[in-house]
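Trainee: Please find one structure pasted underneath; my questions will follow.
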Amino acid sequence: MPTAREEGPDFDFSRHVNLSALDLAGIRVRKLSEMGYKVAPGEIDFGYSEPFRLLSEEGLRLYREAILSKPVLENCYYSCPMVPLTIRNMAAHNKFIRQMSTSEAMLLACSNMVGCDLAWHPFNVEHMMTNIQMKGKEATKVFDWHHDSNSFVLLVNLSDIPADGRGGGTLMQDATGAAHEVRAPGPGWAYVMQGNRVKHAAKSSENWTRIVSVISFCRKDTLAVESLEEDTVDLHLARNYTDHALLDKEYAAYRLSRSMEKLRFLKERFLDAEANNFSCLVRRKELVRHLEHLTRNLQITSRSLQMLTDWGQPLPRPLPVDEVPVTEIASAYTSTQAA
Ligand SMILES: [Fe+2]
C-alpha cells in the first residue's frame, strides 16, 4: 500500500536529466594526471568535470519542490555551527529524490562520465544531502580544505545565481597546491569530482543564497565482497548535523551488512573441504588478508559508533518546521520563476 510519502511525481531519467550519450561526450574533464597527481595502477584518472547542465527545467522544478515538501520540512532540516542549514536523509521522505537516488540510468550515466562502474553510496543518510548557505550569513569557506571519505560526488546547484554573484564554487587543488574554482553557472547545473583524491574546499557565496545537493557514489569494485579496499566512511562529520539515533541505526546496518557479506564469502571460498587444500600457504595468506580487511571495517564501525557515545554536546535534532527559513530558501529560486 502506498503511504503518504509515496505521493507526488515520479522521477523519470529521460525527462528530468540531460545526460544523454551526446551530452556526456561534451563534458570537459580534468584528469588527475593533468593536475599533476600520480595515478597508481587500478586508480581512475579522473579529477573533476567542468560544470554541465544536469537537470531539465522540469527536473529542476521537481527537485526544488522536493526540498520544500512537507515530509522533508518536518524531518530533514538540521542546523549546527559547522553547517548552519543542511538537509539529510531526504530519500527516506520524498519519492522523487528516492527514485532519483536509486535510478540505474542515472548511475550508468555517471559511471560513463567518470570511467568506472559506480554504486550508489550504501549509507543512505549521507549519500544524498543538501547544504544551504543563506545570503550574507557567512564570509569564510563553508568547508575548509579536505578530502572526502568516499570516492565520487556529484554537486548539483539549485540556486539562481545573480549576474554579479560572488563565490559559492568549489576550490580544487592541483599537485602544486594551486587552486582552481569550479562553479555552476546556473540552477540545474552540476559537476563531478573524485573527492577522496582531489583536495578541495567549498567557497561560501557572498551575495546570494547557495543551495547545493551533494550526491555520493562509491566505486563498485570497492564495495565488491572480494575487494580488499576499504570504504572509509565514518561519522566524524555527520555526527555534527544528523540525528544520532538515525546515524546509529543506518550506519550500523550498512557496515555490519558489509561484514556479514564478507564472512559469508569467506566461508564459501575458504571452508570448502573439496576445493581447498588447507595446508596451502597461498590460500591461508589470502584468507588472512581478507580477515584483516574485515577487521579494519569493524574497527571503523566501532570507532564511528563510539564517536556518537563520546559526543558530549547537545544532540542534533531536526529543526522544528516553523524554524525552517522557507521564504529565504524559496527566494533562491525566484528569479527563474519570475522570468
Ligand atoms: Fe568534500
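In the C-alpha cells, the first chain shown is A, the next is B, and so on; residue numbers restart at 1 for each chain, and ligands run from 1 in the order shown.
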For ligand 1, return the neighbouring residues as an mmCIF file with all heavy atoms, in the first residue's frame (distance at most 7 Å; only C-alpha atoms and all ligand atoms).
Mentor:
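Generated file (result03.cif):
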data_model
loop_
_atom_site.group_PDB
_atom_site.id
_atom_site.type_symbol
_atom_site.label_atom_id
_atom_site.label_comp_id
_atom_site.auth_asym_id
_atom_site.auth_seq_id
_atom_site.Cartn_x
_atom_site.Cartn_y
_atom_site.Cartn_z
ATOM 1 N N HIS A 146 39.884 19.781 2.445
ATOM 2 C CA HIS A 146 39.761 18.398 2.920
ATOM 3 C C HIS A 146 39.683 17.428 1.743
ATOM 4 O O HIS A 146 39.498 17.836 0.589
ATOM 5 C CB HIS A 146 38.503 18.234 3.798
ATOM 6 C CG HIS A 146 37.222 18.403 3.045
ATOM 7 N ND1 HIS A 146 36.718 19.624 2.679
ATOM 8 C CD2 HIS A 146 36.336 17.491 2.553
ATOM 9 C CE1 HIS A 146 35.593 19.471 2.010
ATOM 10 N NE2 HIS A 146 35.331 18.172 1.903
ATOM 11 N N HIS A 147 39.824 16.135 2.064
ATOM 12 C CA HIS A 147 39.483 15.055 1.141
ATOM 13 C C HIS A 147 38.198 14.413 1.654
ATOM 14 O O HIS A 147 37.981 14.357 2.868
ATOM 15 C CB HIS A 147 40.584 13.980 1.104
ATOM 16 C CG HIS A 147 41.851 14.438 0.447
ATOM 17 N ND1 HIS A 147 42.930 14.894 1.171
ATOM 18 C CD2 HIS A 147 42.203 14.504 -0.860
ATOM 19 C CE1 HIS A 147 43.898 15.230 0.321
ATOM 20 N NE2 HIS A 147 43.480 15.007 -0.916
ATOM 21 N N ASP A 148 37.372 13.915 0.745
ATOM 22 C CA ASP A 148 36.179 13.198 1.187
ATOM 23 C C ASP A 148 36.554 11.772 1.606
ATOM 24 O O ASP A 148 37.592 11.251 1.197
ATOM 25 C CB ASP A 148 35.154 13.112 0.038
ATOM 26 C CG ASP A 148 34.594 14.479 -0.333
ATOM 27 O OD1 ASP A 148 34.700 15.411 0.494
ATOM 28 O OD2 ASP A 148 34.062 14.606 -1.446
ATOM 29 N N GLY A 195 36.425 13.145 -4.942
ATOM 30 C CA GLY A 195 36.704 13.941 -3.746
ATOM 31 C C GLY A 195 37.653 13.302 -2.747
ATOM 32 O O GLY A 195 38.158 13.992 -1.861
ATOM 33 N N HIS A 200 39.961 19.645 -1.770
ATOM 34 C CA HIS A 200 39.011 20.680 -2.189
ATOM 35 C C HIS A 200 38.442 21.433 -0.985
ATOM 36 O O HIS A 200 38.540 20.970 0.150
ATOM 37 C CB HIS A 200 37.886 20.047 -3.021
ATOM 38 C CG HIS A 200 37.131 18.978 -2.290
ATOM 39 N ND1 HIS A 200 37.567 17.674 -2.216
ATOM 40 C CD2 HIS A 200 35.966 19.017 -1.601
ATOM 41 C CE1 HIS A 200 36.718 16.963 -1.518
ATOM 42 N NE2 HIS A 200 35.736 17.753 -1.119
ATOM 43 N N ALA A 201 37.847 22.574 -1.277
ATOM 44 C CA ALA A 201 37.190 23.374 -0.238
ATOM 45 C C ALA A 201 35.967 24.030 -0.857
ATOM 46 O O ALA A 201 36.016 24.477 -2.006
ATOM 47 C CB ALA A 201 38.143 24.455 0.284
#
Trainee: What residues in stretch 95-225 of chain A get the DSSP label strand (DSSP E)? Please answer as number ranges by chain.
Mentor: A: 118-120, 128-133, 143-146, 152-157, 170-173, 179-182, 189-194, 200-202, 210-219
Trainee: Write a file of the selected residues as a compact mmCIF listing (two decimals), in the first residue's frame, keeping N, CA and C atoms.
Mentor:
# COMPACT_ATOMS: atom_id res chain seq x y z
N LEU A 118 30.14 2.72 -11.00
CA LEU A 118 29.84 3.32 -9.70
C LEU A 118 28.66 2.60 -9.06
N ALA A 119 28.57 2.74 -7.75
CA ALA A 119 27.39 2.24 -7.00
C ALA A 119 26.86 3.41 -6.19
N TRP A 120 25.56 3.46 -5.99
CA TRP A 120 25.01 4.47 -5.08
C TRP A 120 25.61 4.23 -3.71
N MET A 128 22.86 11.38 -0.19
CA MET A 128 22.23 12.47 -0.93
C MET A 128 21.87 13.55 0.08
N MET A 129 22.63 14.61 0.13
CA MET A 129 22.39 15.65 1.12
C MET A 129 22.38 17.01 0.42
N THR A 130 21.82 18.00 1.09
CA THR A 130 21.76 19.34 0.50
C THR A 130 22.20 20.36 1.54
N ASN A 131 23.15 21.18 1.17
CA ASN A 131 23.62 22.22 2.07
C ASN A 131 23.13 23.58 1.60
N ILE A 132 22.67 24.38 2.56
CA ILE A 132 22.12 25.69 2.24
C ILE A 132 22.91 26.75 2.99
N GLN A 133 23.39 27.72 2.26
CA GLN A 133 24.08 28.82 2.90
C GLN A 133 23.36 30.11 2.55
N PHE A 143 33.29 24.70 4.00
CA PHE A 143 34.12 23.59 4.48
C PHE A 143 35.54 23.89 4.06
N ASP A 144 36.46 23.84 5.00
CA ASP A 144 37.85 24.14 4.66
C ASP A 144 38.45 22.96 3.87
N TRP A 145 39.72 23.12 3.49
CA TRP A 145 40.38 22.12 2.65
C TRP A 145 40.27 20.72 3.24
N HIS A 146 39.88 19.78 2.44
CA HIS A 146 39.76 18.40 2.92
C HIS A 146 39.68 17.43 1.74
N PHE A 152 33.48 9.39 -5.22
CA PHE A 152 32.98 10.38 -6.17
C PHE A 152 31.76 11.12 -5.63
N VAL A 153 31.68 12.42 -5.91
CA VAL A 153 30.47 13.17 -5.59
C VAL A 153 30.02 13.99 -6.80
N LEU A 154 28.71 14.10 -6.89
CA LEU A 154 28.07 14.94 -7.90
C LEU A 154 27.50 16.13 -7.13
N LEU A 155 27.91 17.35 -7.50
CA LEU A 155 27.44 18.55 -6.81
C LEU A 155 26.45 19.26 -7.71
N VAL A 156 25.23 19.39 -7.25
CA VAL A 156 24.15 19.94 -8.08
C VAL A 156 23.71 21.28 -7.51
N ASN A 157 23.86 22.34 -8.30
CA ASN A 157 23.43 23.67 -7.84
C ASN A 157 21.94 23.86 -8.11
N THR A 170 33.49 25.50 -5.82
CA THR A 170 34.36 24.55 -5.11
C THR A 170 35.79 24.81 -5.58
N LEU A 171 36.70 24.97 -4.63
CA LEU A 171 38.11 25.15 -4.98
C LEU A 171 38.75 23.78 -5.08
N MET A 172 39.39 23.52 -6.22
CA MET A 172 40.07 22.25 -6.47
C MET A 172 41.58 22.51 -6.47
N GLN A 173 42.31 21.72 -5.69
CA GLN A 173 43.75 21.95 -5.58
C GLN A 173 44.51 20.96 -6.46
N ALA A 179 45.02 26.49 -6.71
CA ALA A 179 43.59 26.21 -6.64
C ALA A 179 42.86 26.74 -7.86
N HIS A 180 41.87 25.99 -8.29
CA HIS A 180 41.03 26.40 -9.42
C HIS A 180 39.59 26.32 -8.95
N GLU A 181 38.83 27.41 -9.13
CA GLU A 181 37.43 27.39 -8.66
C GLU A 181 36.51 26.88 -9.75
N VAL A 182 35.68 25.92 -9.38
CA VAL A 182 34.65 25.41 -10.29
C VAL A 182 33.31 25.85 -9.72
N TRP A 189 22.65 23.05 -12.93
CA TRP A 189 23.98 22.69 -13.40
C TRP A 189 24.71 21.91 -12.30
N ALA A 190 25.66 21.07 -12.74
CA ALA A 190 26.34 20.20 -11.77
C ALA A 190 27.78 19.95 -12.22
N TYR A 191 28.57 19.41 -11.33
CA TYR A 191 29.89 18.90 -11.70
C TYR A 191 30.23 17.73 -10.79
N VAL A 192 31.18 16.91 -11.27
CA VAL A 192 31.56 15.69 -10.55
C VAL A 192 33.01 15.83 -10.12
N MET A 193 33.34 15.33 -8.94
CA MET A 193 34.77 15.26 -8.59
C MET A 193 35.08 13.96 -7.86
N GLN A 194 36.35 13.56 -7.97
CA GLN A 194 36.81 12.41 -7.19
C GLN A 194 37.34 12.99 -5.87
N HIS A 200 39.96 19.64 -1.77
CA HIS A 200 39.01 20.68 -2.19
C HIS A 200 38.44 21.43 -0.98
N ALA A 201 37.85 22.57 -1.28
CA ALA A 201 37.19 23.37 -0.24
C ALA A 201 35.97 24.03 -0.86
N ALA A 202 34.88 24.04 -0.11
CA ALA A 202 33.68 24.74 -0.60
C ALA A 202 33.83 26.21 -0.26
N ARG A 210 23.10 30.05 -1.42
CA ARG A 210 23.69 28.90 -2.14
C ARG A 210 23.01 27.61 -1.67
N ILE A 211 22.38 26.91 -2.60
CA ILE A 211 21.75 25.63 -2.28
C ILE A 211 22.38 24.58 -3.18
N VAL A 212 23.13 23.67 -2.59
CA VAL A 212 23.86 22.67 -3.37
C VAL A 212 23.56 21.28 -2.82
N SER A 213 23.13 20.38 -3.70
CA SER A 213 22.95 18.99 -3.31
C SER A 213 24.24 18.23 -3.59
N VAL A 214 24.61 17.38 -2.66
CA VAL A 214 25.83 16.58 -2.78
C VAL A 214 25.41 15.11 -2.84
N ILE A 215 25.68 14.49 -3.97
CA ILE A 215 25.25 13.11 -4.17
C ILE A 215 26.50 12.23 -4.24
N SER A 216 26.59 11.25 -3.33
CA SER A 216 27.83 10.48 -3.19
C SER A 216 27.74 9.11 -3.86
N PHE A 217 28.85 8.73 -4.47
CA PHE A 217 28.95 7.41 -5.09
C PHE A 217 30.18 6.69 -4.56
N CYS A 218 30.14 5.36 -4.61
CA CYS A 218 31.33 4.55 -4.37
C CYS A 218 31.69 3.85 -5.65
N ARG A 219 32.94 3.44 -5.76
CA ARG A 219 33.30 2.55 -6.87
C ARG A 219 32.71 1.18 -6.59
Trainee: As a PyMOL selection string, please: every residue in stretch 227-269 of chain A that DSSP puts in helix (DSSP H, G or I).
Mentor: chain A and resi 238-240+244-269
Trainee: For the atom pair atom CA of A:Gly115 and atom CA of A:Val233, what is the interatomic distance in Å to one decimal place?
Mentor: 22.1 Å
Trainee: Report as a Markdown table: every residue of stretch 87-129 of chain A with an atom at most 12 Å from stretch 47-54 of chain A, its closest pair of atoms, and their distance in Å to one decimal, counting only C-alpha atoms, with rows sorted by chain and ascending residue number.
Mentor:
| residue | atom | partner | partner_atom | distance |
| --- | --- | --- | --- | --- |
| A:Met106 | CA | A:Leu54 | CA | 10.4 |
| A:Ala109 | CA | A:Leu54 | CA | 10.8 |
| A:Cys110 | CA | A:Leu54 | CA | 10.7 |
| A:Met113 | CA | A:Ser49 | CA | 8.7 |
| A:Val114 | CA | A:Tyr48 | CA | 8.6 |
| A:Gly115 | CA | A:Gly47 | CA | 11.3 |
Trainee: Take the selection from the previous step and output its residues with all heavy atoms, as a compact mmCIF listing (two decimals), in the first residue's frame.
Mentor:
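Dumped everything to part14.txt:
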# COMPACT_ATOMS: atom_id res chain seq x y z
N MET A 106 20.63 6.78 -14.14
CA MET A 106 21.45 7.86 -13.58
C MET A 106 22.84 7.33 -13.21
O MET A 106 23.86 7.97 -13.48
CB MET A 106 20.70 8.37 -12.34
CG MET A 106 21.32 9.50 -11.61
SD MET A 106 20.83 11.06 -12.35
CE MET A 106 21.86 12.11 -11.34
N ALA A 109 24.93 6.68 -16.35
CA ALA A 109 25.44 7.92 -16.96
C ALA A 109 26.63 8.45 -16.16
O ALA A 109 27.65 8.84 -16.73
CB ALA A 109 24.32 8.96 -17.02
N CYS A 110 26.52 8.44 -14.84
CA CYS A 110 27.62 8.94 -14.00
C CYS A 110 28.83 8.02 -14.12
O CYS A 110 29.98 8.47 -14.13
CB CYS A 110 27.17 9.09 -12.55
SG CYS A 110 25.96 10.42 -12.35
N MET A 113 30.62 8.77 -17.26
CA MET A 113 31.32 10.05 -17.19
C MET A 113 32.68 9.90 -16.51
O MET A 113 33.67 10.44 -16.97
CB MET A 113 30.45 11.04 -16.42
CG MET A 113 30.88 12.47 -16.63
SD MET A 113 29.96 13.61 -15.60
CE MET A 113 28.37 12.89 -15.48
N VAL A 114 32.73 9.16 -15.41
CA VAL A 114 33.99 9.08 -14.66
C VAL A 114 34.89 7.95 -15.14
O VAL A 114 36.07 7.91 -14.82
CB VAL A 114 33.76 8.98 -13.13
CG1 VAL A 114 32.94 10.15 -12.64
CG2 VAL A 114 33.12 7.66 -12.73
N GLY A 115 34.33 7.00 -15.89
CA GLY A 115 35.16 5.94 -16.46
C GLY A 115 35.32 4.72 -15.59
O GLY A 115 36.31 3.98 -15.74
Trainee: Write out as a list in words which residues come within 12 Å of A:Leu237 when counting only C-alpha atoms, dropping same-chain ones fewer than 3 positions away.
Mentor: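 Using only C-alpha atoms, the neighbours found are Cys80, Met82, Val83, Glu126, Phe143, His146, Asp148, Ser149, Val233, Asp234, Asn240, Tyr241, Thr242, His244, Leu247, Ser304, Met307, Leu308 and Trp311 of chain A.
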Trainee: Okay, now the selection with N, CA, C and O atoms, as a PDB file, in the first residue's frame?
Mentor:
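Everything below was put into out_19.pdb:
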ATOM      1  N   CYS A  80      23.699  23.523  12.643  1.00  0.00           N
ATOM      2  CA  CYS A  80      24.759  23.460  13.658  1.00  0.00           C
ATOM      3  C   CYS A  80      25.795  24.517  13.297  1.00  0.00           C
ATOM      4  O   CYS A  80      25.743  25.073  12.191  1.00  0.00           O
ATOM      5  N   MET A  82      28.817  24.338  12.376  1.00  0.00           N
ATOM      6  CA  MET A  82      29.629  23.985  11.215  1.00  0.00           C
ATOM      7  C   MET A  82      28.850  24.146   9.891  1.00  0.00           C
ATOM      8  O   MET A  82      29.383  24.628   8.894  1.00  0.00           O
ATOM      9  N   VAL A  83      27.609  23.737   9.902  1.00  0.00           N
ATOM     10  CA  VAL A  83      26.755  23.840   8.707  1.00  0.00           C
ATOM     11  C   VAL A  83      25.424  24.436   9.156  1.00  0.00           C
ATOM     12  O   VAL A  83      24.574  23.735   9.684  1.00  0.00           O
ATOM     13  N   GLU A 126      23.703   9.620   4.198  1.00  0.00           N
ATOM     14  CA  GLU A 126      24.743  10.528   3.745  1.00  0.00           C
ATOM     15  C   GLU A 126      24.865  10.601   2.233  1.00  0.00           C
ATOM     16  O   GLU A 126      25.579  11.434   1.712  1.00  0.00           O
ATOM     17  N   PHE A 143      33.293  24.695   3.999  1.00  0.00           N
ATOM     18  CA  PHE A 143      34.115  23.589   4.482  1.00  0.00           C
ATOM     19  C   PHE A 143      35.537  23.895   4.057  1.00  0.00           C
ATOM     20  O   PHE A 143      35.778  24.163   2.891  1.00  0.00           O
ATOM     21  N   HIS A 146      39.884  19.781   2.445  1.00  0.00           N
ATOM     22  CA  HIS A 146      39.761  18.398   2.920  1.00  0.00           C
ATOM     23  C   HIS A 146      39.683  17.428   1.743  1.00  0.00           C
ATOM     24  O   HIS A 146      39.498  17.836   0.589  1.00  0.00           O
ATOM     25  N   ASP A 148      37.372  13.915   0.745  1.00  0.00           N
ATOM     26  CA  ASP A 148      36.179  13.198   1.187  1.00  0.00           C
ATOM     27  C   ASP A 148      36.554  11.772   1.606  1.00  0.00           C
ATOM     28  O   ASP A 148      37.592  11.251   1.197  1.00  0.00           O
ATOM     29  N   SER A 149      35.665  11.139   2.385  1.00  0.00           N
ATOM     30  CA  SER A 149      35.945   9.754   2.777  1.00  0.00           C
ATOM     31  C   SER A 149      35.398   8.769   1.740  1.00  0.00           C
ATOM     32  O   SER A 149      35.740   7.601   1.765  1.00  0.00           O
ATOM     33  N   VAL A 233      34.164   5.451   5.055  1.00  0.00           N
ATOM     34  CA  VAL A 233      33.138   6.381   5.510  1.00  0.00           C
ATOM     35  C   VAL A 233      32.912   6.229   7.015  1.00  0.00           C
ATOM     36  O   VAL A 233      32.657   5.136   7.518  1.00  0.00           O
ATOM     37  N   ASP A 234      33.075   7.345   7.730  1.00  0.00           N
ATOM     38  CA  ASP A 234      32.843   7.302   9.182  1.00  0.00           C
ATOM     39  C   ASP A 234      31.849   8.396   9.569  1.00  0.00           C
ATOM     40  O   ASP A 234      31.276   9.062   8.703  1.00  0.00           O
ATOM     41  N   ASN A 240      27.852  15.840  13.592  1.00  0.00           N
ATOM     42  CA  ASN A 240      27.601  17.252  13.917  1.00  0.00           C
ATOM     43  C   ASN A 240      26.204  17.703  13.526  1.00  0.00           C
ATOM     44  O   ASN A 240      25.688  18.664  14.076  1.00  0.00           O
ATOM     45  N   TYR A 241      25.629  17.041  12.509  1.00  0.00           N
ATOM     46  CA  TYR A 241      24.409  17.616  11.932  1.00  0.00           C
ATOM     47  C   TYR A 241      23.371  16.577  11.533  1.00  0.00           C
ATOM     48  O   TYR A 241      22.587  16.823  10.625  1.00  0.00           O
ATOM     49  N   THR A 242      23.385  15.430  12.154  1.00  0.00           N
ATOM     50  CA  THR A 242      22.347  14.437  11.858  1.00  0.00           C
ATOM     51  C   THR A 242      21.944  13.748  13.154  1.00  0.00           C
ATOM     52  O   THR A 242      22.792  13.498  14.013  1.00  0.00           O
ATOM     53  N   HIS A 244      21.515  11.388  15.952  1.00  0.00           N
ATOM     54  CA  HIS A 244      22.417  10.277  16.264  1.00  0.00           C
ATOM     55  C   HIS A 244      21.711   8.927  16.233  1.00  0.00           C
ATOM     56  O   HIS A 244      22.319   7.902  15.892  1.00  0.00           O
ATOM     57  N   LEU A 247      21.672   7.965  12.652  1.00  0.00           N
ATOM     58  CA  LEU A 247      23.024   7.587  12.227  1.00  0.00           C
ATOM     59  C   LEU A 247      23.388   6.208  12.753  1.00  0.00           C
ATOM     60  O   LEU A 247      23.924   5.373  12.022  1.00  0.00           O
ATOM     61  N   SER A 304      33.363   4.743  14.853  1.00  0.00           N
ATOM     62  CA  SER A 304      32.308   5.688  14.490  1.00  0.00           C
ATOM     63  C   SER A 304      31.178   5.668  15.510  1.00  0.00           C
ATOM     64  O   SER A 304      30.680   6.719  15.922  1.00  0.00           O
ATOM     65  N   MET A 307      32.182   7.360  18.544  1.00  0.00           N
ATOM     66  CA  MET A 307      32.159   8.829  18.387  1.00  0.00           C
ATOM     67  C   MET A 307      30.799   9.392  18.814  1.00  0.00           C
ATOM     68  O   MET A 307      30.724  10.499  19.322  1.00  0.00           O
ATOM     69  N   LEU A 308      29.751   8.631  18.554  1.00  0.00           N
ATOM     70  CA  LEU A 308      28.420   9.099  18.954  1.00  0.00           C
ATOM     71  C   LEU A 308      28.311   9.091  20.474  1.00  0.00           C
ATOM     72  O   LEU A 308      27.784  10.028  21.086  1.00  0.00           O
ATOM     73  N   TRP A 311      30.169  12.012  22.180  1.00  0.00           N
ATOM     74  CA  TRP A 311      29.803  13.312  21.624  1.00  0.00           C
ATOM     75  C   TRP A 311      29.853  14.427  22.666  1.00  0.00           C
ATOM     76  O   TRP A 311      30.544  15.422  22.507  1.00  0.00           O
TER      77      TRP A 311
END
Trainee: When distances are computed from only C-alpha atoms, which of A:Asp174, A:Glu65, A:Asp243, A:Glu226 shows the smallest separation from A:Glu34?
Mentor: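 Using only C-alpha atoms, the shortest distance to A:Glu34 belongs to A:Asp174.
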Trainee: Let me make sure I understand: among A:Glu206, A:Val72, A:Asn196, A:Ala245, which one has the smallest atom-to-atom distance to A:Thr86 if we use only C-alpha atoms?
Mentor: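 With only C-alpha atoms as the atom set, the closest residue is A:Val72.
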Trainee: Name the residues in contact with A:Asn89 at a cut-off of 6 Å, using only C-alpha atoms, excluding same-chain residues fewer than 2 positions from it; report them as a PyMOL selection string.
Mentor: chain A and resi 91-92+125
Trainee: Just the selected residues (N, CA, C and O atoms), exported as a PDB file, in the first residue's frame, please.
Mentor:
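File produced: result-v8.pdb:
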ATOM      1  N   ALA A  91      15.933  11.099   0.873  1.00  0.00           N
ATOM      2  CA  ALA A  91      15.402   9.967   0.093  1.00  0.00           C
ATOM      3  C   ALA A  91      14.365   9.180   0.888  1.00  0.00           C
ATOM      4  O   ALA A  91      13.454   8.592   0.316  1.00  0.00           O
ATOM      5  N   ALA A  92      14.492   9.193   2.226  1.00  0.00           N
ATOM      6  CA  ALA A  92      13.530   8.454   3.053  1.00  0.00           C
ATOM      7  C   ALA A  92      12.179   9.167   3.121  1.00  0.00           C
ATOM      8  O   ALA A  92      11.188   8.572   3.526  1.00  0.00           O
ATOM      9  N   VAL A 125      21.687   7.777   4.509  1.00  0.00           N
ATOM     10  CA  VAL A 125      21.545   9.094   5.152  1.00  0.00           C
ATOM     11  C   VAL A 125      22.502  10.099   4.547  1.00  0.00           C
ATOM     12  O   VAL A 125      22.186  11.273   4.374  1.00  0.00           O
TER      13      VAL A 125
END
Trainee: Give me the residues near A:Ser227 as a tab-separated table (two decimals) with N, CA, C and O atoms, in the first residue's frame, where near means some atom within 9 Å (using only C-alpha atoms) and where sequence neighbours in that chain fewer than 5 positions away do not count.
Mentor:
chain	number	residue	atom	x	y	z
A	221	ASP	N	33.82	-1.62	-7.52
A	221	ASP	CA	34.91	-2.53	-7.14
A	221	ASP	C	35.21	-2.46	-5.65
A	221	ASP	O	35.55	-3.46	-5.02
A	222	THR	N	35.13	-1.26	-5.08
A	222	THR	CA	35.45	-1.10	-3.66
A	222	THR	C	34.43	-1.85	-2.80
A	222	THR	O	34.78	-2.44	-1.77
A	290	HIS	N	41.97	-11.09	3.86
A	290	HIS	CA	40.53	-10.79	3.95
A	290	HIS	C	40.10	-10.56	5.40
A	290	HIS	O	39.29	-9.68	5.68
A	293	HIS	N	41.12	-7.17	6.41
A	293	HIS	CA	40.22	-6.20	5.79
A	293	HIS	C	38.91	-6.11	6.59
A	293	HIS	O	38.41	-5.02	6.90
Trainee: Could you check the closest approach to A:Ala175 for each of A:Leu32, A:Asp248, A:Leu22, A:Ala330 and tell me which residue wins, using only C-alpha atoms?
Mentor: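 Looking at the shortest contact to A:Ala175, the residue is A:Leu32.
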Trainee: Check the smallest atom-to-atom distance from each of A:Gln306, A:Gly167, A:Arg283, A:Arg239 to A:Tyr78 using only C-alpha atoms, then report the winner.
Mentor: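 Looking at the shortest contact to A:Tyr78, the residue is A:Arg239.
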Trainee: What's around stretch 158-165 of chain A at 7 Å? Count only C-alpha atoms, leave out sequence neighbours fewer than 4 positions away in its own chain, and write the answer as a list of chain:residue names.
Mentor: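 So the residues in contact are A:Gly186, A:Pro187, A:Gly188, A:Asn207, A:Trp208, A:Thr209, A:Arg210, A:Ile211, A:Val212, A:Ala332, A:Tyr333, A:Ser335, A:Thr336.
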Trainee: Take atom CA of A:Ala273 and atom CA of A:Leu287 and report the distance between them in Å, one decimal.
Mentor: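 That distance, rounded to one decimal, is 14.7 Å.
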